[in-house]
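Before any comments, here is the structure.
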Amino acid sequence: MVIDVDKIICELEEKGLKISDKEKLTYYIKNFNVNTFLADYSDFFINEQGNFDQGVNSEDIIRLYIFDKNLGVHVFKCLLIIEKMINTSLVYATINVYDIKDKCLLNLDENVIKNDVLRNLDKVEPYTEFKPFLYKYTKYLDSNKNIKKLVIKDEPDNIYKWKNVPLDLMCLTWSFAMTFSFFIASSMKIKETVMENLGIKKEYYAGFVDLIKNFINIRNHISHNIVLYDSEVKYATDELSDLYYFVFKHKVLKQQFRLIHLIKFISVLSNDATLFDKTMFYVKKLQITEPFKEQITNLFDI
């Protein structure tokens, strides 16, 4: 047998892990992938010699895993709110600023779309030329049954066959990353409108961009089963620190930025005052062997 759970558990015991409940540990190994569950969450308890520190038991790993997944669930819920808010205000601003009467972006002259609406396409990472960029934004339109009714069947162009789809309907098929790319490509007037809707002044644009990049990174961590609780703030910058001071009136240097600071942002922007409190509740409730609990608690100490 290639995947032998009993053998895996024996190897863990040989490395010094105390098995509190073999049946429970077996359940987690079988159902949550030995690489995700054990490799990602046991490293925290292993010393430089590759063995488990004294006193560590299997329940520590299970509880840390559960804690991280609970953390991801309530953070993800609030990220979806922020995503929808940005998505909606972005398309409404675009429709209003360019006075698109029928709300159909692709009905505008192509040069207007290229030179006015998406004037900063060269700032999008990774850079994509104009027509491939539009293709990305129409790629999943046929996944929405209401949008499918609007397709122009005799139009050979895979992009412009969707020209009768209103922008505020089209955006329902966009991912957070796609919405963010459209935001970056837009004019500053559009960006300012989106930021104003979230209570952010235009002078903090650079910090706001770094913040959204961090949000997308967190979202990807949660979606792809990457450990969240001690994840690095990938886009920690002076501009992000300035934005933090503007919102919270407290200075945090970029090298001091941690996940909990991003969670505070998420709580404010999603208008969910319970997010931060729930996070701290989970942290305090976590029951694992000391000094590991203190080390984790320190990650959330602001």
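Letters for chains follow the order of the structure tokens (A, B, ...), residue numbers begin at 1 for each chain, and ligand numbers begin at 1 in the order shown.
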
Report as a list in words all protein, DNA and RNA residues lying within 12 Å of A:Trp174, evaluated on only C-alpha atoms, omitting residues in the same chain fewer than 2 positions from it. Glu83, Lys84, Ile86, Asn87, Thr88, Val91, Leu134, Tyr135, Lys136, Tyr137, Thr138, Lys139, Tyr140, Leu141, Ser143, Asn144, Leu167, Asp168, Leu169, Met170, Cys171, Leu172, Phe176, Ala177, Met178, Thr179, Phe180, Ser181 and Phe182 of chain A

Can you pull out every residue within 12 Å of A:Phe52, counting only C-alpha atoms, but drop anything in the same chain fewer than 4 positions away, and send it as a VMD selection string? chain A and resid 11 to 19 41 to 48 56 to 58 60 to 61

So which residues touch A:Leu105 within 10 Å, counting only C-alpha atoms, skipping near sequence neighbours fewer than 2 positions away, as number ranges by chain? A: 91, 94-95, 98, 100-103, 107-110, 112-113, 117, 162-168, 170

Using the selection just defined, write its residues with N, CA, C and O atoms as a PDB file, in the first residue's frame.
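Output saved as selection-v5.pdb:
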```
ATOM      1  N   VAL A  91     -17.986  49.461 -11.967  1.00  0.00           N
ATOM      2  CA  VAL A  91     -18.779  49.472 -13.208  1.00  0.00           C
ATOM      3  C   VAL A  91     -19.794  50.622 -13.212  1.00  0.00           C
ATOM      4  O   VAL A  91     -20.029  51.229 -14.265  1.00  0.00           O
ATOM      5  N   THR A  94     -17.854  53.703 -14.112  1.00  0.00           N
ATOM      6  CA  THR A  94     -17.498  53.679 -15.533  1.00  0.00           C
ATOM      7  C   THR A  94     -18.688  54.078 -16.402  1.00  0.00           C
ATOM      8  O   THR A  94     -18.577  54.891 -17.320  1.00  0.00           O
ATOM      9  N   ILE A  95     -19.847  53.533 -16.091  1.00  0.00           N
ATOM     10  CA  ILE A  95     -21.069  53.848 -16.847  1.00  0.00           C
ATOM     11  C   ILE A  95     -21.419  55.328 -16.723  1.00  0.00           C
ATOM     12  O   ILE A  95     -21.735  55.995 -17.723  1.00  0.00           O
ATOM     13  N   TYR A  98     -18.539  57.922 -18.287  1.00  0.00           N
ATOM     14  CA  TYR A  98     -18.529  57.941 -19.756  1.00  0.00           C
ATOM     15  C   TYR A  98     -19.934  58.003 -20.345  1.00  0.00           C
ATOM     16  O   TYR A  98     -20.108  57.875 -21.561  1.00  0.00           O
ATOM     17  N   ILE A 100     -22.546  56.116 -20.541  1.00  0.00           N
ATOM     18  CA  ILE A 100     -22.905  55.006 -21.424  1.00  0.00           C
ATOM     19  C   ILE A 100     -24.401  54.742 -21.257  1.00  0.00           C
ATOM     20  O   ILE A 100     -24.827  54.035 -20.327  1.00  0.00           O
ATOM     21  N   LYS A 101     -25.213  55.311 -22.152  1.00  0.00           N
ATOM     22  CA  LYS A 101     -26.669  55.311 -22.003  1.00  0.00           C
ATOM     23  C   LYS A 101     -27.254  53.905 -21.887  1.00  0.00           C
ATOM     24  O   LYS A 101     -28.136  53.650 -21.065  1.00  0.00           O
ATOM     25  N   ASP A 102     -26.784  52.989 -22.745  1.00  0.00           N
ATOM     26  CA  ASP A 102     -27.321  51.621 -22.710  1.00  0.00           C
ATOM     27  C   ASP A 102     -26.530  50.709 -21.771  1.00  0.00           C
ATOM     28  O   ASP A 102     -26.817  49.516 -21.676  1.00  0.00           O
ATOM     29  N   LYS A 103     -25.499  51.307 -21.102  1.00  0.00           N
ATOM     30  CA  LYS A 103     -24.626  50.605 -20.152  1.00  0.00           C
ATOM     31  C   LYS A 103     -23.736  49.540 -20.821  1.00  0.00           C
ATOM     32  O   LYS A 103     -23.055  48.790 -20.130  1.00  0.00           O
ATOM     33  N   ASN A 107     -20.326  48.610 -26.893  1.00  0.00           N
ATOM     34  CA  ASN A 107     -20.998  49.356 -27.951  1.00  0.00           C
ATOM     35  C   ASN A 107     -20.318  50.691 -28.227  1.00  0.00           C
ATOM     36  O   ASN A 107     -20.617  51.356 -29.214  1.00  0.00           O
ATOM     37  N   LEU A 108     -19.406  51.081 -27.333  1.00  0.00           N
ATOM     38  CA  LEU A 108     -18.628  52.294 -27.569  1.00  0.00           C
ATOM     39  C   LEU A 108     -17.634  52.052 -28.693  1.00  0.00           C
ATOM     40  O   LEU A 108     -17.262  50.915 -28.986  1.00  0.00           O
ATOM     41  N   ASP A 109     -17.188  53.142 -29.310  1.00  0.00           N
ATOM     42  CA  ASP A 109     -16.138  53.041 -30.321  1.00  0.00           C
ATOM     43  C   ASP A 109     -14.905  52.403 -29.678  1.00  0.00           C
ATOM     44  O   ASP A 109     -14.548  52.738 -28.539  1.00  0.00           O
ATOM     45  N   GLU A 110     -14.254  51.511 -30.402  1.00  0.00           N
ATOM     46  CA  GLU A 110     -13.114  50.783 -29.838  1.00  0.00           C
ATOM     47  C   GLU A 110     -12.003  51.712 -29.387  1.00  0.00           C
ATOM     48  O   GLU A 110     -11.326  51.460 -28.384  1.00  0.00           O
ATOM     49  N   VAL A 112     -12.375  54.688 -28.158  1.00  0.00           N
ATOM     50  CA  VAL A 112     -12.798  55.292 -26.897  1.00  0.00           C
ATOM     51  C   VAL A 112     -12.499  54.338 -25.740  1.00  0.00           C
ATOM     52  O   VAL A 112     -11.998  54.737 -24.688  1.00  0.00           O
ATOM     53  N   ILE A 113     -12.806  53.063 -25.947  1.00  0.00           N
ATOM     54  CA  ILE A 113     -12.532  52.064 -24.908  1.00  0.00           C
ATOM     55  C   ILE A 113     -11.033  51.987 -24.633  1.00  0.00           C
ATOM     56  O   ILE A 113     -10.597  51.974 -23.475  1.00  0.00           O
ATOM     57  N   VAL A 117     -11.460  54.736 -21.602  1.00  0.00           N
ATOM     58  CA  VAL A 117     -11.932  53.872 -20.526  1.00  0.00           C
ATOM     59  C   VAL A 117     -10.796  53.037 -19.936  1.00  0.00           C
ATOM     60  O   VAL A 117     -10.630  52.967 -18.716  1.00  0.00           O
ATOM     61  N   TRP A 162     -20.711  39.932 -27.698  1.00  0.00           N
ATOM     62  CA  TRP A 162     -21.275  40.263 -26.389  1.00  0.00           C
ATOM     63  C   TRP A 162     -21.491  41.774 -26.230  1.00  0.00           C
ATOM     64  O   TRP A 162     -21.692  42.254 -25.113  1.00  0.00           O
ATOM     65  N   LYS A 163     -21.489  42.532 -27.331  1.00  0.00           N
ATOM     66  CA  LYS A 163     -21.539  43.992 -27.214  1.00  0.00           C
ATOM     67  C   LYS A 163     -22.868  44.511 -26.659  1.00  0.00           C
ATOM     68  O   LYS A 163     -22.945  45.665 -26.219  1.00  0.00           O
ATOM     69  N   ASN A 164     -23.911  43.691 -26.659  1.00  0.00           N
ATOM     70  CA  ASN A 164     -25.193  44.118 -26.110  1.00  0.00           C
ATOM     71  C   ASN A 164     -25.370  43.742 -24.642  1.00  0.00           C
ATOM     72  O   ASN A 164     -26.469  43.891 -24.085  1.00  0.00           O
ATOM     73  N   VAL A 165     -24.293  43.267 -24.012  1.00  0.00           N
ATOM     74  CA  VAL A 165     -24.353  42.918 -22.586  1.00  0.00           C
ATOM     75  C   VAL A 165     -23.996  44.149 -21.750  1.00  0.00           C
ATOM     76  O   VAL A 165     -22.889  44.685 -21.875  1.00  0.00           O
ATOM     77  N   PRO A 166     -24.890  44.627 -20.899  1.00  0.00           N
ATOM     78  CA  PRO A 166     -24.589  45.770 -20.027  1.00  0.00           C
ATOM     79  C   PRO A 166     -23.390  45.466 -19.121  1.00  0.00           C
ATOM     80  O   PRO A 166     -23.225  44.336 -18.658  1.00  0.00           O
ATOM     81  N   LEU A 167     -22.605  46.479 -18.871  1.00  0.00           N
ATOM     82  CA  LEU A 167     -21.390  46.304 -18.069  1.00  0.00           C
ATOM     83  C   LEU A 167     -21.705  45.822 -16.660  1.00  0.00           C
ATOM     84  O   LEU A 167     -20.969  45.016 -16.090  1.00  0.00           O
ATOM     85  N   ASP A 168     -22.817  46.286 -16.098  1.00  0.00           N
ATOM     86  CA  ASP A 168     -23.157  45.875 -14.736  1.00  0.00           C
ATOM     87  C   ASP A 168     -23.711  44.451 -14.674  1.00  0.00           C
ATOM     88  O   ASP A 168     -23.903  43.906 -13.586  1.00  0.00           O
ATOM     89  N   MET A 170     -22.245  42.178 -17.128  1.00  0.00           N
ATOM     90  CA  MET A 170     -20.999  41.523 -17.524  1.00  0.00           C
ATOM     91  C   MET A 170     -20.084  41.271 -16.325  1.00  0.00           C
ATOM     92  O   MET A 170     -19.454  40.223 -16.196  1.00  0.00           O
TER      93      MET A 170
END
```

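With distances taken over only C-alpha atoms, A:Thr279 is the one residue among A:Cys104, A:Thr279, A:Gln256, A:Asn96 lying closest to A:Val75.
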
Got a sec to tell me which of stretch 60-144 of chain A DSSP assigns to alpha helix (DSSP H), as a ChimeraX atom specification? /A:60-97,110-112,130-138

Record the distance separating atom CA of A:His261 and atom CA of A:Ile212, expressed in Å with one decimal.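 Taking atom CA of A:His261 as the start and atom CA of A:Ile212 as the end point, the length is 13.3 Å.
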
Show which residues sit within 10 Å of stretch 282-287 of chain A, as a PDB file with C-alpha atoms, in the first residue's frame. Count only C-alpha atoms, and ignore same-chain residues fewer than 2 positions away.
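What follows is the written file around_1.pdb:
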```pdb
ATOM      1  CA  GLU A  59      -4.233  17.187  19.013  1.00  0.00           C
ATOM      2  CA  ASP A  60      -1.977  20.257  18.703  1.00  0.00           C
ATOM      3  CA  ARG A  63      -6.424  22.155  16.577  1.00  0.00           C
ATOM      4  CA  LEU A  64      -4.006  24.403  14.673  1.00  0.00           C
ATOM      5  CA  ILE A  66      -9.027  23.726  12.536  1.00  0.00           C
ATOM      6  CA  PHE A  67      -8.102  27.183  13.801  1.00  0.00           C
ATOM      7  CA  ASP A  68      -6.580  28.138  10.460  1.00  0.00           C
ATOM      8  CA  ASN A  70     -12.030  28.702  10.727  1.00  0.00           C
ATOM      9  CA  LEU A  71      -9.934  31.830  10.313  1.00  0.00           C
ATOM     10  CA  TYR A 229      -2.470  32.320  10.142  1.00  0.00           C
ATOM     11  CA  ASP A 277     -13.367  40.316  17.464  1.00  0.00           C
ATOM     12  CA  LYS A 278     -14.080  36.862  16.007  1.00  0.00           C
ATOM     13  CA  THR A 279     -10.447  36.507  15.018  1.00  0.00           C
ATOM     14  CA  MET A 280      -9.216  37.349  18.497  1.00  0.00           C
ATOM     15  CA  THR A 289       0.785  23.161  23.970  1.00  0.00           C
ATOM     16  CA  GLU A 290       2.861  26.073  25.265  1.00  0.00           C
ATOM     17  CA  PHE A 292       3.497  27.330  20.798  1.00  0.00           C
ATOM     18  CA  LYS A 293       0.221  29.010  21.696  1.00  0.00           C
ATOM     19  CA  GLU A 294       2.093  32.085  22.903  1.00  0.00           C
ATOM     20  CA  ILE A 296       0.804  32.130  17.652  1.00  0.00           C
ATOM     21  CA  THR A 297      -0.876  34.644  19.930  1.00  0.00           C
ATOM     22  CA  ASN A 298       2.046  37.007  19.340  1.00  0.00           C
ATOM     23  CA  LEU A 299       1.274  36.952  15.606  1.00  0.00           C
ATOM     24  CA  PHE A 300      -2.103  38.547  16.399  1.00  0.00           C
ATOM     25  CA  ASP A 301      -0.899  40.960  19.058  1.00  0.00           C
TER      26      ASP A 301
END
```

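Minimum atom-to-atom distances from A:Cys78, A:Ile184, A:Leu253, A:Leu118 to A:Ala206 were compared using only C-alpha atoms, and the lowest value belongs to A:Ile184.
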
Please report the interatomic distance between atom CA of A:Asp4 and atom CA of A:Ala39 in Å with one decimal. 15.8 Å

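Across A:Val97, A:Val227, A:Ile288, A:Leu269, the tightest approach to A:Thr193 is made by A:Val97 when counting only C-alpha atoms.
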
Selection near A:Asp210, 7 Å with only C-alpha atoms, sequence-local residues under 4 positions removed, as a PyMOL selection string: chain A and resi 206+214+235+240

Got time to write the residues from that selection, N, CA, C and O atoms, as a short mmCIF file (atom, residue, chain, number, x, y, z; two decimals), in the first residue's frame?
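Dumped everything to selection-v4.cif:
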```cif
data_model
loop_
_atom_site.label_atom_id
_atom_site.label_comp_id
_atom_site.auth_asym_id
_atom_site.auth_seq_id
_atom_site.Cartn_x
_atom_site.Cartn_y
_atom_site.Cartn_z
N ALA A 206 -1.73 54.61 -3.96
CA ALA A 206 -0.68 53.58 -4.02
C ALA A 206 -0.84 52.57 -2.88
O ALA A 206 -0.69 51.37 -3.09
N ASN A 214 -2.88 42.56 -1.58
CA ASN A 214 -2.81 41.67 -0.41
C ASN A 214 -4.12 40.90 -0.20
O ASN A 214 -4.10 39.72 0.14
N TYR A 235 2.67 42.23 0.12
CA TYR A 235 2.83 43.59 -0.40
C TYR A 235 2.83 44.58 0.76
O TYR A 235 1.89 45.35 0.95
N LEU A 240 1.42 51.40 2.05
CA LEU A 240 0.42 50.64 2.80
C LEU A 240 0.42 51.10 4.26
O LEU A 240 -0.64 51.23 4.88
#
```

If we count only C-alpha atoms and set the cut-off at 9 Å, which residues sit around A:Ile62, ignoring sequence neighbours fewer than 5 positions away in its own chain? Please answer as JSON, numbers by chain. {"A": [24, 25, 28, 37, 38, 41, 67]}

Report, in Å to a single decimal, how far apart atom CA of A:Val5 and atom CA of A:Tyr27 are. 9.5 Å

Nearby residues (only C-alpha atoms) at most 10 Å from stretch 262-267 of chain A, same-chain spacing under 4 positions excluded, as a PDB file with C-alpha atoms, in the first residue's frame:
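Wrote it out as result.pdb, contents follow:
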```
ATOM      1  CA  VAL A  75     -12.045  36.221   6.475  1.00  0.00           C
ATOM      2  CA  PHE A  76     -13.152  34.874   3.087  1.00  0.00           C
ATOM      3  CA  CYS A  78     -15.731  39.506   4.309  1.00  0.00           C
ATOM      4  CA  LEU A  79     -13.358  39.521   1.333  1.00  0.00           C
ATOM      5  CA  ILE A  81     -18.189  41.590   0.403  1.00  0.00           C
ATOM      6  CA  ILE A  82     -15.276  43.897  -0.429  1.00  0.00           C
ATOM      7  CA  LEU A 211      -3.940  46.616   0.045  1.00  0.00           C
ATOM      8  CA  ILE A 212      -6.105  45.074  -2.689  1.00  0.00           C
ATOM      9  CA  ASN A 214      -2.814  41.666  -0.407  1.00  0.00           C
ATOM     10  CA  PHE A 215      -6.529  40.898  -0.292  1.00  0.00           C
ATOM     11  CA  ILE A 218      -5.139  36.173   1.029  1.00  0.00           C
ATOM     12  CA  VAL A 233       2.154  40.135   4.061  1.00  0.00           C
ATOM     13  CA  LEU A 243      -2.890  54.082   4.450  1.00  0.00           C
ATOM     14  CA  TYR A 244      -3.023  52.177   7.740  1.00  0.00           C
ATOM     15  CA  VAL A 247      -7.587  54.665   8.588  1.00  0.00           C
ATOM     16  CA  PHE A 248      -6.552  53.706  12.123  1.00  0.00           C
ATOM     17  CA  PHE A 257       2.927  44.391   8.963  1.00  0.00           C
ATOM     18  CA  ARG A 258       1.194  41.097   9.722  1.00  0.00           C
ATOM     19  CA  ASN A 271     -18.387  47.024   7.385  1.00  0.00           C
ATOM     20  CA  ASP A 272     -18.222  43.921   9.588  1.00  0.00           C
ATOM     21  CA  ALA A 273     -17.167  45.021  13.050  1.00  0.00           C
ATOM     22  CA  THR A 274     -17.314  41.420  14.293  1.00  0.00           C
ATOM     23  CA  LEU A 275     -14.474  40.151  12.072  1.00  0.00           C
ATOM     24  CA  PHE A 276     -11.651  41.421  14.246  1.00  0.00           C
ATOM     25  CA  ASP A 277     -13.367  40.316  17.464  1.00  0.00           C
ATOM     26  CA  THR A 279     -10.447  36.507  15.018  1.00  0.00           C
ATOM     27  CA  PHE A 300      -2.103  38.547  16.399  1.00  0.00           C
TER      28      PHE A 300
END
```
